[in-house]
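Student: protein02.tsv is reproduced below (TSV, C-alpha atoms and all ligand atoms).
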```tsv
chain	number	residue	atom	x	y	z
O	1	MET	CA	96.24	137.72	77.64
O	2	ASN	CA	95.38	141.09	76.21
O	3	GLN	CA	93.22	142.48	78.89
O	4	ILE	CA	93.15	146.28	79.03
O	5	ILE	CA	93.85	147.79	82.45
O	6	ARG	CA	92.62	151.25	83.43
O	7	LEU	CA	93.71	152.49	86.83
O	8	VAL	CA	93.80	155.67	88.88
O	9	LEU	CA	96.17	156.18	91.78
O	10	LEU	CA	95.08	158.68	94.43
O	11	GLY	CA	97.11	159.96	97.34
O	12	LYS	CA	98.35	163.18	98.80
O	13	GLN	CA	101.51	164.96	97.70
O	14	GLY	CA	104.49	162.83	98.70
O	15	ALA	CA	102.44	159.64	99.13
O	16	GLY	CA	104.65	157.99	96.52
O	17	LYS	CA	102.14	158.05	93.68
O	18	GLY	CA	104.73	158.88	91.02
O	19	THR	CA	107.15	156.15	92.08
O	20	GLN	CA	104.44	153.53	92.39
O	21	CYS	CA	102.83	154.50	89.09
O	22	ILE	CA	106.13	154.02	87.28
O	23	ARG	CA	106.50	150.58	88.86
O	24	LEU	CA	102.89	149.64	88.02
O	25	SER	CA	103.30	150.80	84.44
O	26	ARG	CA	106.38	148.59	84.02
O	27	HIS	CA	104.81	145.61	85.75
O	28	TYR	CA	101.64	145.61	83.63
O	29	VAL	CA	103.19	147.27	80.53
O	30	ILE	CA	100.67	150.09	80.54
O	31	GLU	CA	101.07	153.84	80.08
O	32	HIS	CA	101.91	156.03	83.06
O	33	ILE	CA	99.95	159.24	82.54
O	34	ALA	CA	101.04	161.93	85.01
O	35	THR	CA	99.31	165.26	84.48
O	36	GLY	CA	101.91	167.06	86.64
O	37	ASP	CA	104.75	165.71	84.45
O	38	MET	CA	102.86	166.58	81.26
O	39	LEU	CA	102.25	170.11	82.51
O	40	ARG	CA	105.86	170.56	83.64
O	41	ALA	CA	107.01	169.41	80.19
O	42	ALA	CA	104.64	171.92	78.57
O	43	VAL	CA	105.98	174.71	80.78
O	44	LYS	CA	109.56	173.78	79.88
O	45	LEU	CA	108.76	173.74	76.17
O	46	GLY	CA	106.89	177.03	76.45
O	47	THR	CA	103.78	175.72	74.65
O	48	LYS	CA	100.49	177.60	74.86
O	49	VAL	CA	99.25	175.24	77.57
O	50	GLY	CA	102.58	175.60	79.37
O	51	LEU	CA	102.43	179.38	79.40
O	52	GLU	CA	98.96	179.30	80.88
O	53	ALA	CA	99.79	176.56	83.41
O	54	ALA	CA	103.01	178.03	84.80
O	55	GLU	CA	101.48	180.75	86.93
O	56	TYR	CA	99.05	178.34	88.61
O	57	MET	CA	101.65	175.67	89.22
O	58	GLU	CA	104.18	177.92	90.88
O	59	LYS	CA	101.62	178.85	93.51
O	60	GLY	CA	100.39	175.30	93.97
O	61	GLU	CA	96.98	176.14	92.48
O	62	LEU	CA	95.06	173.77	90.21
O	63	ILE	CA	95.12	174.31	86.45
O	64	PRO	CA	91.63	174.97	84.98
O	65	ASP	CA	89.79	171.67	84.48
O	66	ASP	CA	89.18	172.04	80.74
O	67	ILE	CA	92.92	172.24	79.97
O	68	VAL	CA	93.82	169.16	81.98
O	69	ILE	CA	90.84	167.18	80.76
O	70	ARG	CA	91.82	167.85	77.17
O	71	LEU	CA	95.37	166.60	77.84
O	72	VAL	CA	94.07	163.41	79.44
O	73	ALA	CA	91.48	162.76	76.73
O	74	GLU	CA	94.25	162.94	74.13
O	75	ARG	CA	96.75	160.78	75.97
O	76	THR	CA	94.34	158.00	76.96
O	77	SER	CA	93.14	157.58	73.39
O	78	ILE	CA	96.46	156.77	71.68
O	79	GLY	CA	99.32	154.26	71.69
O	80	ILE	CA	99.93	151.91	74.60
O	81	ALA	CA	97.26	153.64	76.68
O	82	ARG	CA	94.69	152.68	74.11
O	83	GLU	CA	96.01	149.21	73.37
O	84	ARG	CA	97.01	148.00	76.84
O	85	GLY	CA	95.73	150.57	79.29
O	86	PHE	CA	97.08	153.15	81.70
O	87	VAL	CA	97.56	154.30	85.24
O	88	LEU	CA	96.59	157.90	85.90
O	89	ASP	CA	98.73	159.90	88.33
O	90	GLY	CA	97.53	163.33	89.49
O	91	PHE	CA	94.22	163.09	87.66
O	92	PRO	CA	91.37	163.30	88.52
O	93	ARG	CA	91.92	165.84	91.27
O	94	ASN	CA	88.34	166.88	91.91
O	95	VAL	CA	84.87	165.41	91.42
O	96	HIS	CA	84.25	167.37	88.22
O	97	GLN	CA	87.40	165.89	86.64
O	98	ALA	CA	86.30	162.43	87.79
O	99	GLU	CA	82.92	162.82	86.13
O	100	MET	CA	84.56	164.04	82.93
O	101	LEU	CA	86.94	161.08	83.02
O	102	ASP	CA	84.00	158.68	83.08
O	103	GLU	CA	82.65	160.43	79.99
O	104	ILE	CA	85.98	160.31	78.18
O	105	LEU	CA	86.22	156.56	78.73
O	106	VAL	CA	82.72	155.61	77.56
O	107	PRO	CA	81.95	152.86	76.47
O	108	GLU	CA	84.80	151.57	78.66
O	109	ALA	CA	85.32	152.34	82.35
O	110	LEU	CA	87.98	152.42	85.05
O	111	ASP	CA	88.86	149.05	86.58
O	112	ALA	CA	90.01	150.35	89.93
O	113	VAL	CA	91.02	153.43	91.88
O	114	VAL	CA	93.73	152.90	94.45
O	115	ASN	CA	94.06	155.27	97.39
O	116	LEU	CA	97.67	155.22	98.57
O	117	LYS	CA	97.51	156.21	102.24
O	118	VAL	CA	100.37	157.91	104.09
O	119	PRO	CA	100.11	160.14	107.21
O	120	THR	CA	100.71	163.89	106.66
O	121	ASN	CA	103.76	164.16	108.96
O	122	LEU	CA	105.49	161.52	106.84
O	123	VAL	CA	104.62	163.13	103.48
O	124	LEU	CA	106.01	166.46	104.69
O	125	LYS	CA	109.34	164.77	105.45
O	126	ARG	CA	109.33	163.02	102.08
O	127	ILE	CA	108.60	166.20	100.10
O	128	ALA	CA	111.37	168.13	101.85
O	129	SER	CA	113.93	165.58	100.64
O	130	ARG	CA	112.29	164.93	97.24
O	131	ARG	CA	114.21	165.46	94.00
O	132	VAL	CA	112.84	164.83	90.52
O	133	CYS	CA	114.21	164.34	86.99
O	134	ALA	CA	113.40	167.47	85.01
O	135	ASP	CA	113.00	165.37	81.84
O	136	CYS	CA	111.22	162.12	82.68
O	137	GLY	CA	109.75	162.81	86.12
O	138	ALA	CA	111.55	159.93	87.88
O	139	THR	CA	111.72	160.67	91.61
O	140	TYR	CA	114.70	160.50	93.93
O	141	SER	CA	115.40	161.80	97.42
O	142	THR	CA	118.35	162.89	99.46
O	143	SER	CA	118.54	159.30	100.76
O	144	LYS	CA	117.77	157.59	97.42
O	145	ARG	CA	120.18	159.35	95.09
O	146	PRO	CA	120.77	158.52	91.42
O	147	ARG	CA	123.93	156.47	90.68
O	148	VAL	CA	125.75	159.53	89.34
O	149	ASP	CA	125.14	162.67	91.41
O	150	TRP	CA	122.02	164.47	90.19
O	151	ILE	CA	121.93	162.78	86.77
O	152	CYS	CA	118.81	160.65	86.18
O	153	ASP	CA	119.42	156.85	86.12
O	154	ASN	CA	116.60	156.45	83.57
O	155	CYS	CA	117.29	159.09	80.98
O	156	GLY	CA	120.39	161.13	81.87
O	157	GLY	CA	118.28	164.21	82.61
O	158	GLU	CA	119.02	166.70	85.36
O	159	VAL	CA	117.73	165.80	88.83
O	160	VAL	CA	116.44	168.88	90.67
O	161	GLN	CA	114.18	170.07	93.45
O	162	ARG	CA	110.79	171.01	92.02
O	163	ASP	CA	109.95	174.72	91.77
O	164	ASP	CA	106.70	174.10	93.62
O	165	ASP	CA	108.27	172.12	96.46
O	166	THR	CA	108.49	175.28	98.58
O	167	GLU	CA	106.84	175.37	101.99
O	168	ALA	CA	104.06	177.76	100.89
O	169	ALA	CA	103.21	175.86	97.70
O	170	ILE	CA	103.28	172.49	99.47
O	171	GLN	CA	100.90	173.79	102.15
O	172	ARG	CA	98.58	175.12	99.44
O	173	ARG	CA	98.62	171.77	97.59
O	174	LEU	CA	97.89	169.84	100.78
O	175	ASP	CA	94.98	172.20	101.57
O	176	LEU	CA	93.61	171.73	98.06
O	177	TYR	CA	94.01	167.99	98.46
O	178	GLU	CA	91.81	168.04	101.57
O	179	LYS	CA	89.23	170.27	99.92
O	180	GLU	CA	89.13	169.01	96.30
O	181	THR	CA	90.70	165.59	96.09
O	182	LYS	CA	89.57	163.90	99.29
O	183	PRO	CA	85.88	163.95	98.20
O	184	LEU	CA	86.99	161.68	95.32
O	185	ILE	CA	87.53	158.90	97.80
O	186	ALA	CA	83.83	158.94	98.71
O	187	PHE	CA	82.93	159.32	95.02
O	188	TYR	CA	84.84	156.19	93.99
O	189	GLN	CA	83.70	154.28	97.06
O	190	GLU	CA	80.10	154.87	95.99
O	191	HIS	CA	81.00	153.64	92.51
O	192	GLY	CA	82.50	150.46	94.01
O	193	LYS	CA	85.94	151.17	92.54
O	194	LEU	CA	87.97	152.11	95.60
O	195	ILE	CA	90.87	150.08	96.99
O	196	GLU	CA	92.80	151.42	99.99
O	197	ILE	CA	96.47	150.52	100.33
O	198	SER	CA	99.02	151.69	102.89
O	199	GLY	CA	101.86	153.63	101.26
O	200	VAL	CA	104.07	153.32	104.33
O	201	GLY	CA	107.12	151.07	103.99
O	202	GLN	CA	109.76	150.28	101.42
O	203	GLU	CA	109.04	150.98	97.76
O	204	GLU	CA	109.13	147.27	96.81
O	205	VAL	CA	106.83	146.30	99.66
O	206	VAL	CA	104.26	148.93	98.69
O	207	SER	CA	104.47	147.82	95.02
O	208	GLN	CA	103.84	144.26	96.06
O	209	ARG	CA	100.72	145.32	97.97
O	210	LEU	CA	99.51	147.22	94.92
O	211	ALA	CA	100.12	144.36	92.50
O	212	VAL	CA	98.24	141.91	94.72
O	213	ALA	CA	95.25	144.25	94.91
O	214	VAL	CA	95.23	144.99	91.17
O	215	ASP	CA	95.63	141.30	90.24
O	216	LYS	CA	92.59	140.53	92.34
O	217	VAL	CA	90.51	143.12	90.48
O	218	LEU	CA	91.73	141.80	87.13
O	219	SER	CA	90.91	138.21	87.94
O	220	GLN	CA	87.39	139.23	88.94
O	221	LYS	CA	87.08	141.08	85.64
O	222	THR	CA	88.18	137.98	83.69
O	223	ASN	CA	85.79	135.76	85.60
O	224	HIS	CA	83.00	138.19	84.99
O	225	VAL	CA	83.61	138.32	81.24
O	226	GLY	CA	84.39	134.62	80.80
V	1	LIG	P1	101.77	167.09	93.50
V	1	LIG	O1	100.95	165.84	93.59
V	1	LIG	O2	103.00	167.03	94.35
V	1	LIG	O3	100.98	168.33	93.73
V	1	LIG	P2	101.83	166.95	90.55
V	1	LIG	O4	103.07	166.75	89.78
V	1	LIG	O5	100.79	165.90	90.48
V	1	LIG	O6	102.36	167.18	92.04
V	1	LIG	O7	101.15	168.36	90.16
V	1	LIG	C1	101.87	169.56	90.14
V	1	LIG	C2	100.96	170.72	89.78
V	1	LIG	O8	100.42	170.52	88.44
V	1	LIG	C3	99.73	170.91	90.65
V	1	LIG	O9	100.03	171.66	91.82
V	1	LIG	C4	98.78	171.64	89.70
V	1	LIG	O10	99.13	173.00	89.57
V	1	LIG	C5	99.07	170.98	88.36
V	1	LIG	N1	98.17	169.83	88.11
V	1	LIG	C6	98.56	168.53	87.98
V	1	LIG	N2	97.51	167.72	87.76
V	1	LIG	C7	96.41	168.54	87.76
V	1	LIG	C8	95.01	168.31	87.60
V	1	LIG	N3	94.50	167.07	87.41
V	1	LIG	N4	94.17	169.38	87.65
V	1	LIG	C9	94.64	170.62	87.86
V	1	LIG	N5	95.95	170.91	88.03
V	1	LIG	C10	96.83	169.88	87.98
V	2	ZN	ZN	114.96	161.12	83.75
```
Produce structure tokens that represent the structure in this file.

Tutor:
Amino acid sequence: MNQIIRLVLLGKQGAGKGTQCIRLSRHYVIEHIATGDMLRAAVKLGTKVGLEAAEYMEKGELIPDDIVIRLVAERTSIGIARERGFVLDGFPRNVHQAEMLDEILVPEALDAVVNLKVPTNLVLKRIASRRVCADCGATYSTSKRPRVDWICDNCGGEVVQRDDDTEAAIQRRLDLYEKETKPLIAFYQEHGKLIEISGVGQEEVVSQRLAVAVDKVLSQKTNHVG
């Protein structure tokens, strides 16, 4: 079966998008494209994009659309993303980015957009204890530590608290989520792409819910084509 899968995962900060995207990308052998991770890598390397992005990111502001769109257009058009598909994490973040994404993908289209739902009081708790690998973006928490203290299980990188996981920047990101990202839910609903899944519960249980929902979409796609 070489069906290409193109997914977007939506959800507020701390909803578990990153963790679930990594699991989805392994399960379906597709590329995990996380704009936040790509931008953090660019900042660390000091590239031109990184230098421009750093000042926005520290404050929890969004990076200008054209920069992020260019990154996504590049990444979705090469390698595994092109051959097998991808799951987008952190993009699109507003309706303009969503419209641009549709254009990037022509003549193809997204298969599904999953909204991972978690109440705000719970995401605040999760973010406070969140730690992340500075190299590969794998997420940990004070209760789910790596095997060796603060060394990433995946890649041996350093596990740290993110620079933008401060109270002020988190509040700003949650406000922007309400204002910019929430309208995407209506946008994708109108396009008949939206699937809503509860992100509350153990990692494995949430993954299972996601896989069931995605499998259903894929089987409909196969039936439609065949
Ligand atoms: P979170 O979901 O916790 O905000 P991310 O890792 O997805 O974390 O994003 C971190 C930061 O990177 C954002 O606050 C923003 O500055 C920038 N960023 C990531 N994705 C986008 C995007 N699609 N558009 C604009 N800025 C983005
Ligand atoms: Zn790592």

Student: What's the 12 Å shell around Ala41 of chain O, counting all atoms listed in the file, without same-chain residues fewer than 2 positions away, as a PyMOL selection string?

Tutor: chain O and resi 34-39+43-51+53-54+133-137

Student: When you count only C-alpha atoms, which of these residues is closest to Ser219 of chain O: O:Gln3, O:Gln20, O:Asn115, O:Gln161?

Tutor: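 Ranking O:Gln3, O:Gln20, O:Asn115, O:Gln161 by distance to Ser219 of chain O, first place goes to O:Gln3.
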
Student: In terms of the shortest atom-to-atom distance over only C-alpha atoms and all ligand atoms, which of O:Lys144, O:Lys182, O:Arg131, O:Arg6 is closest to ligand ZN 2 (chain V)?

Tutor: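 Closest candidate: O:Arg131.
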
Student: Mind pulling up the distance from atom CA of Val72 of chain O to atom CA of Tyr188 of chain O?

Tutor: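 Interatomic distance here is 18.7 Å.
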
Student: Each residue of chain O lying at most 7 Å from ligand LIG 1 (chain V) should get a row with its shortest atom-to-atom pair and the distance in Å to one decimal, counting all atoms listed in the file; could you produce that, ordered by chain and increasing number, as CSV?

Tutor:
```
residue,atom,partner,partner_atom,distance
O:Lys12,CA,V:LIG1,O1,6.4
O:Gln13,CA,V:LIG1,O2,4.2
O:Gly14,CA,V:LIG1,O2,6.2
O:Ala34,CA,V:LIG1,O5,6.8
O:Thr35,CA,V:LIG1,N2,4.5
O:Gly36,CA,V:LIG1,O4,3.4
O:Asp37,CA,V:LIG1,O4,5.7
O:Leu39,CA,V:LIG1,O8,6.2
O:Tyr56,CA,V:LIG1,O10,5.4
O:Met57,CA,V:LIG1,O10,3.7
O:Gly60,CA,V:LIG1,O9,4.2
O:Glu61,CA,V:LIG1,O10,4.8
O:Leu62,CA,V:LIG1,N5,3.7
O:Ile63,CA,V:LIG1,N5,3.8
O:Pro64,CA,V:LIG1,C9,6.0
O:Asp65,CA,V:LIG1,N4,5.9
O:Val68,CA,V:LIG1,N4,5.7
O:Asp89,CA,V:LIG1,O5,6.7
O:Gly90,CA,V:LIG1,O5,4.3
O:Phe91,CA,V:LIG1,N3,4.0
O:Pro92,CA,V:LIG1,N3,5.0
O:Arg93,CA,V:LIG1,N3,4.8
O:Arg173,CA,V:LIG1,O3,5.7
```

Student: For ligand ZN 2 (chain V), collect every residue having any atom at a distance of at most 12 Å from a ligand atom (counting only C-alpha atoms and all ligand atoms); output as a list of chain:residue names.

Tutor: O:Ile22, O:Asp37, O:Arg131, O:Val132, O:Cys133, O:Ala134, O:Asp135, O:Cys136, O:Gly137, O:Ala138, O:Thr139, O:Tyr140, O:Pro146, O:Trp150, O:Ile151, O:Cys152, O:Asp153, O:Asn154, O:Cys155, O:Gly156, O:Gly157, O:Glu158, O:Val159, O:Val160

Student: I want to know what sits within 9 Å of Leu218 of chain O, based on only C-alpha atoms, with residues of the same chain fewer than 3 positions away left out; could you give that as a PyMOL selection string?

Tutor: chain O and resi 3+5+111+213-215+221-223

Student: Selection from above, C-alpha atoms, as a PDB file, in the coordinates of the input, can you write it?

Tutor:
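What ended up in again.pdb:
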```pdb
ATOM      1  CA  GLN O   3      93.220 142.480  78.890  1.00  0.00           C
ATOM      2  CA  ILE O   5      93.850 147.790  82.450  1.00  0.00           C
ATOM      3  CA  ASP O 111      88.860 149.050  86.580  1.00  0.00           C
ATOM      4  CA  ALA O 213      95.250 144.250  94.910  1.00  0.00           C
ATOM      5  CA  VAL O 214      95.230 144.990  91.170  1.00  0.00           C
ATOM      6  CA  ASP O 215      95.630 141.300  90.240  1.00  0.00           C
ATOM      7  CA  LYS O 221      87.080 141.080  85.640  1.00  0.00           C
ATOM      8  CA  THR O 222      88.180 137.980  83.690  1.00  0.00           C
ATOM      9  CA  ASN O 223      85.790 135.760  85.600  1.00  0.00           C
TER      10      ASN O 223
END
```

Student: Please compute the atom CA of Ala73 of chain O-atom CA of Leu105 of chain O distance, one decimal, in Å.

Tutor: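 Calculated distance between atom CA of Ala73 of chain O and atom CA of Leu105 of chain O is 8.4 Å.
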
Student: Between O:Ile69, O:Ala81, O:Leu124, O:Val212, which is the closest to Leu174 of chain O once you count only C-alpha atoms?

Tutor: O:Leu124

Student: Compare O:Leu7, O:Gln220, O:Ala186, O:Ala15 by their minimum atom-to-atom distance to Ile127 of chain O, counting all atoms listed in the file, and give me the closest one.

Tutor: O:Ala15

Student: Compare O:Val206, O:Ala211, O:Val95, O:Val106 by their minimum atom-to-atom distance to Phe187 of chain O, counting all atoms listed in the file, and give me the closest one.

Tutor: O:Val95

Student: Measure the distance from atom CA of Gly201 of chain O to atom CA of Asn121 of chain O in Å and round it to one decimal.

Tutor: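 Distance reported for this atom pair: 14.4 Å.
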
Student: Using the incomplete input, complete segment 169-181 of chain O to the level of N, CA, C and O atoms; output as a compact mmCIF listing (two decimals), in the coordinates of the input.

Tutor:
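Here's the written file result.txt:
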```txt
# COMPACT_ATOMS: atom_id res chain seq x y z
N ALA O 169 103.93 176.57 98.76
CA ALA O 169 103.21 175.86 97.70
C ALA O 169 102.80 174.46 98.15
O ALA O 169 101.73 173.96 97.78
N ILE O 170 103.63 173.82 98.97
CA ILE O 170 103.28 172.49 99.47
C ILE O 170 102.04 172.59 100.37
O ILE O 170 101.10 171.81 100.24
N GLN O 171 102.04 173.60 101.25
CA GLN O 171 100.90 173.79 102.15
C GLN O 171 99.63 174.01 101.33
O GLN O 171 98.59 173.42 101.61
N ARG O 172 99.74 174.83 100.29
CA ARG O 172 98.58 175.12 99.44
C ARG O 172 98.09 173.84 98.77
O ARG O 172 96.89 173.58 98.70
N ARG O 173 99.01 173.01 98.26
CA ARG O 173 98.62 171.77 97.59
C ARG O 173 97.97 170.79 98.56
O ARG O 173 97.00 170.11 98.22
N LEU O 174 98.50 170.75 99.79
CA LEU O 174 97.89 169.84 100.78
C LEU O 174 96.49 170.34 101.17
O LEU O 174 95.57 169.53 101.34
N ASP O 175 96.32 171.66 101.27
CA ASP O 175 94.98 172.20 101.57
C ASP O 175 94.01 171.86 100.45
O ASP O 175 92.88 171.44 100.69
N LEU O 176 94.47 172.04 99.21
CA LEU O 176 93.61 171.73 98.06
C LEU O 176 93.29 170.24 98.01
O LEU O 176 92.21 169.83 97.61
N TYR O 177 94.25 169.42 98.41
CA TYR O 177 94.01 167.99 98.46
C TYR O 177 92.84 167.69 99.40
O TYR O 177 91.91 166.96 99.03
N GLU O 178 92.88 168.27 100.59
CA GLU O 178 91.81 168.04 101.57
C GLU O 178 90.46 168.48 101.00
O GLU O 178 89.46 167.79 101.14
N LYS O 179 90.48 169.65 100.35
CA LYS O 179 89.23 170.27 99.92
C LYS O 179 88.71 169.62 98.63
O LYS O 179 87.53 169.31 98.52
N GLU O 180 89.58 169.42 97.64
CA GLU O 180 89.13 169.01 96.30
C GLU O 180 89.28 167.52 96.05
O GLU O 180 88.43 166.90 95.42
N THR O 181 90.39 166.96 96.50
CA THR O 181 90.70 165.59 96.09
C THR O 181 90.13 164.55 97.04
O THR O 181 89.71 163.49 96.61
```
